[in-house]
>>> print(open('structure.txt').read())   # compact mmCIF, C-alpha atoms
# COMPACT_ATOMS: atom_id res chain seq x y z
CA MET A 19 26.02 -0.90 10.47
CA ARG A 20 22.73 0.92 10.82
CA ILE A 21 19.29 -0.62 10.30
CA HIS A 22 16.40 1.69 9.45
CA THR A 23 12.89 0.24 9.75
CA LEU A 24 10.77 1.88 7.06
CA ASP A 25 7.01 1.68 7.59
CA LEU A 26 5.27 1.41 4.22
CA ARG A 27 1.86 2.25 5.71
CA PHE A 28 0.09 -0.35 3.61
CA GLN A 29 -3.52 0.71 2.96
CA GLY A 30 -2.78 3.79 5.04
CA LEU A 31 -2.15 1.73 8.18
CA PRO A 32 1.07 1.84 10.18
CA GLY A 33 2.87 -1.29 11.30
CA LEU A 34 1.78 -3.76 8.60
CA ILE A 35 4.62 -3.98 6.07
CA ALA A 36 8.24 -3.04 6.69
CA SER A 37 11.17 -2.49 4.41
CA TYR A 38 14.64 -2.36 5.95
CA LEU A 39 17.33 0.06 4.84
CA ILE A 40 20.79 -1.24 5.70
CA GLU A 41 23.72 1.18 5.84
CA SER A 42 27.35 0.04 6.11
CA GLY A 43 30.61 1.65 5.10
CA GLY A 44 28.91 4.23 2.92
CA GLU A 45 26.88 1.63 1.00
CA TYR A 46 23.14 1.05 1.16
CA ALA A 47 20.83 -1.89 0.60
CA LEU A 48 17.13 -2.63 1.00
CA ILE A 49 15.75 -5.82 2.44
CA GLU A 50 12.18 -6.13 1.11
CA THR A 51 10.58 -3.51 -1.11
CA GLY A 52 6.92 -4.01 -0.29
CA PRO A 53 4.27 -3.77 -3.00
CA GLY A 54 4.14 -1.39 -5.92
CA SER A 55 1.24 0.40 -4.23
CA THR A 56 3.54 1.67 -1.46
CA LEU A 57 6.53 2.55 -3.65
CA GLU A 58 6.13 6.30 -3.23
CA THR A 59 5.83 5.88 0.54
CA LEU A 60 9.01 3.81 0.52
CA ARG A 61 10.89 6.38 -1.55
CA ALA A 62 9.80 9.16 0.80
CA ALA A 63 10.83 7.10 3.84
CA ILE A 64 14.29 6.54 2.34
CA ARG A 65 14.73 10.25 1.76
CA ALA A 66 13.43 11.02 5.25
CA VAL A 67 16.39 9.21 6.83
CA GLY A 68 18.77 11.27 4.71
CA VAL A 69 19.56 8.75 1.98
CA ASP A 70 19.38 9.38 -1.74
CA GLU A 71 17.42 6.46 -3.20
CA ALA A 72 19.85 6.43 -6.14
CA ALA A 73 22.52 5.32 -3.66
CA ILE A 74 20.72 2.01 -3.09
CA LYS A 75 22.55 -0.43 -5.34
CA LYS A 76 21.51 -3.72 -3.74
CA VAL A 77 17.99 -4.97 -3.01
CA PHE A 78 17.20 -8.25 -1.28
CA VAL A 79 13.75 -9.86 -1.40
CA THR A 80 12.87 -12.81 0.80
CA HIS A 81 10.34 -14.13 -1.73
CA ILE A 82 8.27 -12.84 -4.61
CA HIS A 83 4.83 -12.44 -3.02
CA LEU A 84 3.54 -8.99 -3.89
CA ASP A 85 3.68 -7.61 -0.36
CA HIS A 86 7.41 -8.34 -0.24
CA ALA A 87 8.77 -7.86 -3.76
CA GLY A 88 6.17 -5.92 -5.73
CA ALA A 89 8.41 -2.86 -6.08
CA ALA A 90 11.65 -4.76 -6.74
CA GLY A 91 11.41 -4.31 -10.51
CA TRP A 92 11.28 -0.54 -10.14
CA PHE A 93 14.57 -0.51 -8.23
CA ALA A 94 16.13 -2.85 -10.79
CA GLN A 95 15.06 -0.49 -13.56
CA GLN A 96 16.86 2.31 -11.70
CA GLY A 97 20.09 0.27 -11.76
CA ALA A 98 19.98 -1.68 -8.49
CA THR A 99 20.80 -5.39 -8.38
CA VAL A 100 18.02 -7.54 -6.92
CA TYR A 101 19.06 -10.65 -4.99
CA CYS A 102 16.61 -13.48 -4.51
CA HIS A 103 16.07 -17.23 -4.27
CA PRO A 104 16.94 -19.19 -7.46
CA ASN A 105 13.28 -20.15 -7.91
CA ALA A 106 12.21 -16.50 -7.75
CA THR A 107 14.34 -15.03 -10.54
CA ARG A 108 12.00 -15.79 -13.45
CA HIS A 109 9.05 -14.12 -11.69
CA LEU A 110 11.01 -10.94 -11.08
CA ILE A 111 12.15 -10.81 -14.71
CA ASP A 112 8.68 -11.60 -16.03
CA PRO A 113 6.02 -11.05 -13.35
CA SER A 114 3.07 -11.58 -15.72
CA LYS A 115 2.07 -15.01 -14.36
CA LEU A 116 2.37 -13.78 -10.80
CA ILE A 117 0.23 -10.74 -11.57
CA ASP A 118 -2.38 -12.81 -13.42
CA SER A 119 -2.66 -15.24 -10.52
CA ALA A 120 -3.01 -12.42 -8.02
CA ARG A 121 -5.63 -10.71 -10.17
CA MET A 122 -7.72 -13.90 -10.12
CA VAL A 123 -7.66 -13.80 -6.31
CA TYR A 124 -8.09 -10.06 -5.71
CA GLY A 125 -10.17 -9.06 -8.72
CA ALA A 126 -11.15 -5.40 -8.75
CA GLN A 127 -9.12 -4.76 -5.58
CA MET A 128 -5.86 -5.83 -7.21
CA ASP A 129 -4.56 -2.43 -8.31
CA ALA A 130 -5.51 -0.59 -5.14
CA LEU A 131 -3.91 -3.25 -2.95
CA TRP A 132 -0.75 -4.05 -4.84
CA GLY A 133 -0.17 -1.49 -7.60
CA ASP A 134 2.21 -2.23 -10.46
CA MET A 135 4.90 -4.90 -10.43
CA LEU A 136 7.42 -3.86 -13.06
CA PRO A 137 9.68 -6.41 -14.76
CA ALA A 138 13.29 -6.40 -13.63
CA PRO A 139 15.97 -6.44 -16.34
CA ALA A 140 17.45 -9.95 -16.41
CA GLY A 141 20.96 -8.59 -15.93
CA ARG A 142 19.88 -6.97 -12.67
CA VAL A 143 18.56 -10.14 -11.00
CA VAL A 144 20.98 -12.41 -9.14
CA ALA A 145 20.02 -15.76 -7.63
CA LEU A 146 21.63 -16.61 -4.31
CA GLN A 147 22.25 -20.16 -3.16
CA ASP A 148 21.93 -21.23 0.46
CA ASN A 149 24.69 -19.65 2.57
CA GLU A 150 25.86 -17.42 -0.29
CA ARG A 151 27.24 -14.06 0.84
CA VAL A 152 26.96 -10.56 -0.61
CA PRO A 153 29.30 -7.83 0.66
CA LEU A 154 27.91 -4.47 1.69
CA GLY A 155 30.44 -1.99 2.98
CA GLU A 156 31.93 -3.51 6.14
CA ILE A 157 29.42 -6.37 6.45
CA GLU A 158 28.12 -9.38 4.56
CA ILE A 159 24.50 -10.31 3.93
CA ILE A 160 24.02 -14.08 3.95
CA ALA A 161 21.10 -15.89 2.30
CA TRP A 162 19.51 -18.84 4.09
CA ASP A 163 17.13 -21.10 2.22
CA THR A 164 14.09 -21.20 4.52
CA PRO A 165 11.07 -22.92 2.90
CA GLY A 166 7.76 -23.48 4.65
CA HIS A 167 5.81 -20.36 3.77
CA ALA A 168 7.07 -20.62 0.20
CA ARG A 169 9.56 -22.92 -1.50
CA HIS A 170 11.42 -19.92 -2.91
CA HIS A 171 12.01 -18.21 0.44
CA HIS A 172 15.23 -16.76 1.84
CA ALA A 173 15.95 -15.27 5.22
CA PHE A 174 18.84 -12.82 5.27
CA ILE A 175 21.48 -12.87 7.99
CA ILE A 176 23.77 -10.04 9.09
CA GLY A 177 25.91 -11.00 12.04
CA ASP A 178 23.63 -11.86 14.95
CA VAL A 179 20.41 -10.56 13.39
CA CYS A 180 18.04 -12.10 10.87
CA PHE A 181 15.50 -10.63 8.47
CA THR A 182 12.89 -13.34 8.33
CA GLY A 183 10.43 -12.38 5.60
CA ASP A 184 7.42 -14.60 6.31
CA VAL A 185 9.15 -17.66 7.75
CA ALA A 186 8.79 -16.32 11.31
CA GLY A 187 5.20 -15.18 10.85
CA MET A 188 3.36 -11.97 11.64
CA ARG A 189 3.42 -10.15 14.97
CA LEU A 190 1.83 -6.72 15.19
CA GLU A 191 2.60 -4.05 17.77
CA HIS A 192 4.69 -6.50 19.81
CA SER A 193 1.59 -8.45 20.81
CA ARG A 194 1.80 -12.02 22.12
CA TYR A 195 -0.33 -13.27 19.26
CA LEU A 196 1.67 -14.79 16.42
CA SER A 197 -0.26 -15.16 13.18
CA VAL A 198 0.84 -17.99 10.89
CA THR A 199 1.63 -16.83 7.36
CA ALA A 200 0.19 -19.65 5.30
CA ALA A 201 -1.15 -18.17 2.07
CA PRO A 202 -1.36 -20.61 -0.88
CA PRO A 203 0.07 -22.34 -2.71
CA GLN A 204 3.25 -23.55 -0.97
CA PHE A 205 2.56 -23.86 2.77
CA ASP A 206 4.47 -26.89 4.07
CA PRO A 207 4.46 -27.54 7.84
CA VAL A 208 7.38 -29.97 7.71
CA ALA A 209 9.67 -27.59 5.84
CA TYR A 210 8.39 -24.74 8.02
CA GLY A 211 9.44 -26.56 11.17
CA GLN A 212 12.88 -27.34 9.79
CA SER A 213 13.43 -23.71 8.81
CA LEU A 214 12.36 -22.49 12.24
CA ASP A 215 14.65 -25.02 13.93
CA ARG A 216 17.51 -23.66 11.87
CA LEU A 217 16.74 -20.10 12.90
CA ALA A 218 16.35 -21.06 16.55
CA ALA A 219 19.68 -22.91 16.60
CA ALA A 220 21.46 -19.74 15.45
CA SER A 221 20.56 -17.88 18.67
CA PHE A 222 20.05 -14.56 16.95
CA LYS A 223 20.05 -11.48 19.13
CA LYS A 224 17.21 -9.95 17.11
CA VAL A 225 14.98 -10.85 14.22
CA TYR A 226 13.23 -8.38 11.96
CA LEU A 227 9.79 -9.31 10.65
CA THR A 228 8.36 -7.91 7.46
CA HIS A 229 5.05 -7.98 9.36
CA PHE A 230 6.21 -6.18 11.51
CA GLY A 231 9.39 -4.84 12.98
CA GLU A 232 12.14 -5.73 15.44
CA VAL A 233 11.74 -8.71 17.79
CA SER A 234 14.05 -9.04 20.78
CA ASP A 235 12.50 -12.05 22.59
CA VAL A 236 13.78 -14.24 19.77
CA ALA A 237 13.86 -17.62 21.50
CA TRP A 238 10.27 -17.28 22.75
CA HIS A 239 9.06 -16.02 19.40
CA LEU A 240 10.59 -18.82 17.32
CA ARG A 241 9.63 -21.56 19.78
CA THR A 242 6.06 -20.31 20.05
CA TYR A 243 5.71 -19.73 16.33
CA ARG A 244 6.92 -23.24 15.53
CA GLN A 245 4.14 -24.64 17.71
CA ARG A 246 1.62 -22.30 16.09
CA VAL A 247 2.50 -23.68 12.64
CA THR A 248 1.96 -27.22 13.91
CA ASP A 249 -1.32 -26.28 15.58
CA VAL A 250 -2.92 -24.63 12.55
CA TYR A 251 -1.92 -27.55 10.34
CA GLU A 252 -3.33 -30.15 12.74
CA ARG A 253 -6.55 -28.18 13.15
CA VAL A 254 -7.16 -27.83 9.41
CA ALA A 255 -6.09 -31.42 8.75
CA ALA A 256 -8.67 -32.65 11.26
CA ASP A 257 -11.40 -30.61 9.56
CA PHE A 258 -10.28 -31.87 6.17
CA ARG A 259 -10.47 -35.50 7.27
CA ALA A 260 -13.94 -34.79 8.67
CA GLY A 261 -15.13 -33.56 5.26
CA VAL A 262 -15.51 -29.92 6.22
CA SER A 263 -16.20 -27.66 3.23
CA VAL A 264 -13.89 -24.90 2.07
CA GLU A 265 -16.20 -22.20 3.42
CA GLU A 266 -16.63 -23.93 6.77
CA ASN A 267 -12.89 -24.43 7.00
CA ARG A 268 -12.42 -20.70 6.52
CA ARG A 269 -14.99 -19.90 9.21
CA ASN A 270 -13.48 -22.38 11.64
CA TYR A 271 -9.98 -21.07 11.02
CA ALA A 272 -10.99 -17.44 11.55
CA ALA A 273 -12.95 -18.23 14.72
CA ALA A 274 -10.11 -20.24 16.23
CA GLU A 275 -7.50 -17.61 15.42
CA HIS A 276 -9.70 -14.83 16.74
CA ALA A 277 -10.12 -16.67 20.04
CA ILE A 278 -6.36 -17.24 20.33
CA ALA A 279 -5.68 -13.57 19.56
CA VAL A 280 -8.20 -12.32 22.12
CA ALA A 281 -6.74 -14.65 24.75
CA ALA A 282 -3.33 -13.13 23.99
CA GLY A 283 -4.70 -9.65 24.67
CA VAL A 284 -5.38 -8.51 21.11
CA ASN A 285 -8.22 -6.00 20.84
CA GLU A 286 -10.66 -5.86 17.94
CA GLY A 287 -8.86 -2.99 16.25
CA LEU A 288 -5.56 -4.85 16.16
CA TRP A 289 -7.32 -8.03 15.04
CA GLU A 290 -8.90 -6.23 12.09
CA LYS A 291 -5.56 -4.64 11.27
CA GLY A 292 -3.97 -8.08 11.20
CA GLU A 293 -6.62 -9.25 8.77
CA ASP A 294 -5.40 -6.56 6.36
CA ALA A 295 -1.90 -8.08 6.40
CA ASN A 296 -2.56 -11.82 6.75
CA VAL A 297 -6.11 -12.73 5.83
CA THR A 298 -7.32 -15.76 7.77
CA SER A 299 -9.48 -17.08 4.91
CA MET A 300 -6.44 -17.13 2.62
CA CYS A 301 -4.32 -18.85 5.26
CA ALA A 302 -7.05 -21.44 5.77
CA ASP A 303 -6.97 -22.13 2.04
CA GLY A 304 -3.19 -22.43 2.09
CA VAL A 305 -3.15 -25.02 4.85
CA ARG A 306 -6.07 -26.92 3.28
CA LEU A 307 -4.26 -27.05 -0.07
CA TYR A 308 -1.38 -28.87 1.61
CA CYS A 309 -3.87 -31.38 3.04
CA GLU A 310 -5.53 -31.82 -0.37
CA LYS A 311 -2.20 -32.68 -1.94
CA GLY A 312 -2.06 -35.63 0.44
CA ARG A 313 1.29 -34.87 2.00
>>> encode(input="structure.txt", output="structure tokens")
Amino acid sequence: MRIHTLDLRFQGLPGLIASYLIESGGEYALIETGPGSTLETLRAAIRAVGVDEAAIKKVFVTHIHLDHAGAAGWFAQQGATVYCHPNATRHLIDPSKLIDSARMVYGAQMDALWGDMLPAPAGRVVALQDNERVPLGEIEIIAWDTPGHARHHHAFIIGDVCFTGDVAGMRLEHSRYLSVTAAPPQFDPVAYGQSLDRLAAASFKKVYLTHFGEVSDVAWHLRTYRQRVTDVYERVAADFRAGVSVEENRRNYAAAEHAIAVAAGVNEGLWEKGEDANVTSMCADGVRLYCEKGR
């Protein structure tokens, strides 16, 4: 098996969104497609490693947020089968509600950020249950149900490595700062912790983050990230109980995360780059929404 990390250069920046090209026994699959706005970059990256994109017959998306699955419909329209969580299938087949919701958030920036999300033909979308396996050449790709960031989230396992989507957070340029992926509307710290415990118990040799790249210090990463999820929830919950406004919550969240990042050695350039991939104001809203639901 060969794993190719393909940098989609989101917004022209390296190291923000990855797609993974898996090669085994003469067969090819993608794990994550990134957004529609980076489709041409992805296609060029596939060709650059000597693979004809028409040879990719299987595409796996961890969840249907636009930065992970925005280009999945294009591959399905070319004849690939897209594998996803059972709760994600309808949004891949008809992404209109997803697009409308995103447009409400991003407004005039929507097209430049995310591009088109094309509908996938229903016959090309396959829902995978927890622990279900898909053969690829000489290997199998196993789906693990891993809620916490989203209820419709899978991690994908191949042997002793795991492709974590957003359930193991964001870590840029191998820094020691782990940014909690908590965008609305389905952040759930309890489910998050359970998913991370499951990953940690598997003792993977490596994990591959969509944001961004290969991680070898797996035990430290998962242990530290689990605590980070707890910390951001407890911080926002305390502000919520104190009656802090939405805007003040966003400011508090950004200030606290910035301080943690700086203490971990992150410079201002890397901090600003991280904001392009995992906006703190949006994460603050995601955690607050969980608190507002009273869970």
>>> residues_near_point(input="structure.txt", point="(5.8, -0.2, 9.6)", cutoff="12 Å", atoms="all atoms listed in the file", output="VMD selection string")
chain A and resid 22 to 38 52 56 59 to 60 63 189 to 191 226 to 232 295
>>> residues_around(input="structure.txt", residues="Gly91 of chain A", least_positions_apart="4", cutoff="8 Å", atoms="only C-alpha atoms", output="PyMOL selection string")
chain A and resi 95+110-111+135-139
>>> closest_atom_pairs(input="structure.txt", of="segment 149-184 of chain A", to="segment 211-217 of chain A", cutoff="9 Å", atoms="all atoms listed in the file", output="JSON lines")
{"residue": "A:Asp163", "atom": "CA", "partner": "A:Ser213", "partner_atom": "CA", "distance": 8.0}
{"residue": "A:Thr164", "atom": "CA", "partner": "A:Ser213", "partner_atom": "CA", "distance": 5.0}
{"residue": "A:Pro165", "atom": "CA", "partner": "A:Ser213", "partner_atom": "CA", "distance": 6.4}
{"residue": "A:Gly166", "atom": "CA", "partner": "A:Ser213", "partner_atom": "CA", "distance": 7.0}
{"residue": "A:Cys180", "atom": "CA", "partner": "A:Leu217", "partner_atom": "CA", "distance": 8.4}
>>> atom_distance(input="structure.txt", atom1="atom CA of Val280 of chain A", atom2="atom CA of Ala218 of chain A")
26.6 Å
>>> closest_residue(input="structure.txt", among="A:Ser55, A:Ser221, A:Ser114, A:Thr80", to="Thr182 of chain A", atoms="only C-alpha atoms")
A:Thr80
>>> decode(input="structure.txt", residues="segment 76-90 of chain A", atoms="N, CA and C atoms", output="mmCIF file, in the first residue's frame")
data_model
loop_
_atom_site.group_PDB
_atom_site.id
_atom_site.type_symbol
_atom_site.label_atom_id
_atom_site.label_comp_id
_atom_site.auth_asym_id
_atom_site.auth_seq_id
_atom_site.Cartn_x
_atom_site.Cartn_y
_atom_site.Cartn_z
ATOM 1 N N LYS A 76 -13.097 4.563 -6.057
ATOM 2 C CA LYS A 76 -13.676 4.595 -4.717
ATOM 3 C C LYS A 76 -13.233 5.876 -4.009
ATOM 4 N N VAL A 77 -14.201 6.563 -3.428
ATOM 5 C CA VAL A 77 -13.952 7.812 -2.710
ATOM 6 C C VAL A 77 -14.605 7.693 -1.334
ATOM 7 N N PHE A 78 -13.853 8.026 -0.303
ATOM 8 C CA PHE A 78 -14.345 7.949 1.066
ATOM 9 C C PHE A 78 -14.341 9.358 1.672
ATOM 10 N N VAL A 79 -15.467 9.774 2.227
ATOM 11 C CA VAL A 79 -15.520 11.075 2.896
ATOM 12 C C VAL A 79 -15.871 10.860 4.360
ATOM 13 N N THR A 80 -15.122 11.525 5.234
ATOM 14 C CA THR A 80 -15.350 11.341 6.665
ATOM 15 C C THR A 80 -16.666 11.946 7.119
ATOM 16 N N HIS A 81 -17.033 13.080 6.513
ATOM 17 C CA HIS A 81 -18.322 13.718 6.788
ATOM 18 C C HIS A 81 -18.574 14.726 5.676
ATOM 19 N N ILE A 82 -19.762 15.346 5.680
ATOM 20 C CA ILE A 82 -20.148 16.101 4.499
ATOM 21 C C ILE A 82 -19.942 17.613 4.636
ATOM 22 N N HIS A 83 -19.153 18.068 5.601
ATOM 23 C CA HIS A 83 -18.797 19.482 5.617
ATOM 24 C C HIS A 83 -18.020 19.811 4.343
ATOM 25 N N LEU A 84 -18.189 21.040 3.857
ATOM 26 C CA LEU A 84 -17.708 21.382 2.524
ATOM 27 C C LEU A 84 -16.195 21.247 2.354
ATOM 28 N N ASP A 85 -15.446 21.428 3.437
ATOM 29 C CA ASP A 85 -13.995 21.328 3.304
ATOM 30 C C ASP A 85 -13.521 19.875 3.210
ATOM 31 N N HIS A 86 -14.438 18.938 3.417
ATOM 32 C CA HIS A 86 -14.086 17.518 3.348
ATOM 33 C C HIS A 86 -14.721 16.805 2.163
ATOM 34 N N ALA A 87 -15.920 17.201 1.787
ATOM 35 C CA ALA A 87 -16.681 16.426 0.792
ATOM 36 C C ALA A 87 -17.242 17.266 -0.336
ATOM 37 N N GLY A 88 -16.825 18.528 -0.442
ATOM 38 C CA GLY A 88 -17.417 19.403 -1.440
ATOM 39 C C GLY A 88 -17.241 18.937 -2.871
ATOM 40 N N ALA A 89 -16.162 18.208 -3.151
ATOM 41 C CA ALA A 89 -15.905 17.736 -4.516
ATOM 42 C C ALA A 89 -16.323 16.286 -4.738
ATOM 43 N N ALA A 90 -16.964 15.671 -3.742
ATOM 44 C CA ALA A 90 -17.316 14.255 -3.861
ATOM 45 C C ALA A 90 -18.286 14.004 -5.008
#
